[in-house]
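Peer 1: Before we start, here is the structure in question, set down as structure tokens.
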Amino acid sequence: MTFAMKKTASRDNEDDAPEDKDEDKETGFCEAVWQSFVALVQLGPEFLPRSLAGRISAFFWGIGILVAISTYTANLAAFLTVRNLGHSISSAEVLLRQKEISYGTVRTYATWESFKTSTTEPYHSLGVTMKANEESVIVENLQEGLDKMRQGKYALFADSAELDYHASRKPCDLQTIGRVFWQTGYGMFLPKNSKYTVEFNKVIVAAKERGVFDAFDTKW
């Protein structure tokens with residue numbers, strides 16, 4: 001459009017200066033397309049039409065580009081905001097304060113017993129809430145809890161090693177959040193006053209110092 005208007009204006013202005021006529025000859029269709037593209041990516045035009053009609057068309061082209069870019073930016077920001085709503089839960093405290101996402105644990109896990117008997121906040125309040133909605137939030141096994149999470153609007157409390165393992169496996173649609181709490185260790189039973197107690201302790205301590213346990217945790 002700018003090219004057509006410029007050529008029309010050039011025919012109407014036959015008394016233009018020679019240098020202006022040379023400029024008109026150099027400003028062909030390809031140059032007009034290039035100037036439109038330059039305006040689209042907001043680099044600034046290299047020339048402006050001399051005719052009133054050309055300047056009006058260039059003005060409205062610039063306004064159209066501004067509206068299009070503003071609309072795209074607004075829609076992109078809205079999309080990213082909505083997409084990140086699911087990542088707003090960062091801890092047990094935040095989970096307790098909201099009402100949109102339900103939470104529970106596995107019935108047979110020690111985690112459930114710990115929630116029911118805990119007197120420390122926020123775990124006591126979390127346990128009270130789970131107890132009040134036990135039928136809908138307490139699952140019978142871990143797989144049921146994983147399936148419930150994938151359906152949405154549900155968070156599962158379980159052993160961190162198990163959750164990290166499943167979160168790292170395909171389809172990689174789960175994630176673990178928050179800090180680890182109620183950390184417990186595992187032990188081995190030996191007869192009282194066993195002669196192997198000291199040897200086992202030495203081996204376990206040495207393995208821990210060498211990072212064997214951390215390597216197992218990372219692997220599995």
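By order in the structure tokens, chains are A, B, ...; within a chain, residues start at 1; ligands start at 1, following the order shown.
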Just the residues within 10 Å of A:Arg107, please, counting only C-alpha atoms, with nothing from its chain fewer than 6 positions along; format it as an MDAnalysis selection string.

Peer 2: chainID A and resid 113 134 137:142

Peer 1: At a cut-off of 7 Å, using only C-alpha atoms, what residues contact A:His124? Leave out same-chain residues fewer than 5 positions from it and give the result as a ChimeraX atom specification.

Peer 2: /A:115,118-119

Peer 1: Could you write out the selected residues, including C-alpha atoms, as a tab-separated table (two decimals), in the first residue's frame?

Peer 2:
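The new file selection18.tsv reads:
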chain	number	residue	atom	x	y	z
A	115	PHE	CA	0.46	-37.05	61.21
A	118	SER	CA	2.10	-35.12	65.87
A	119	THR	CA	1.78	-32.10	68.15

Peer 1: Please indicate the distance in Å from atom CA of A:Tyr103 to atom CA of A:Ile89, rounded to one decimal place.

Peer 2: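 Separating atom CA of A:Tyr103 from atom CA of A:Ile89 is a distance of 11.6 Å.
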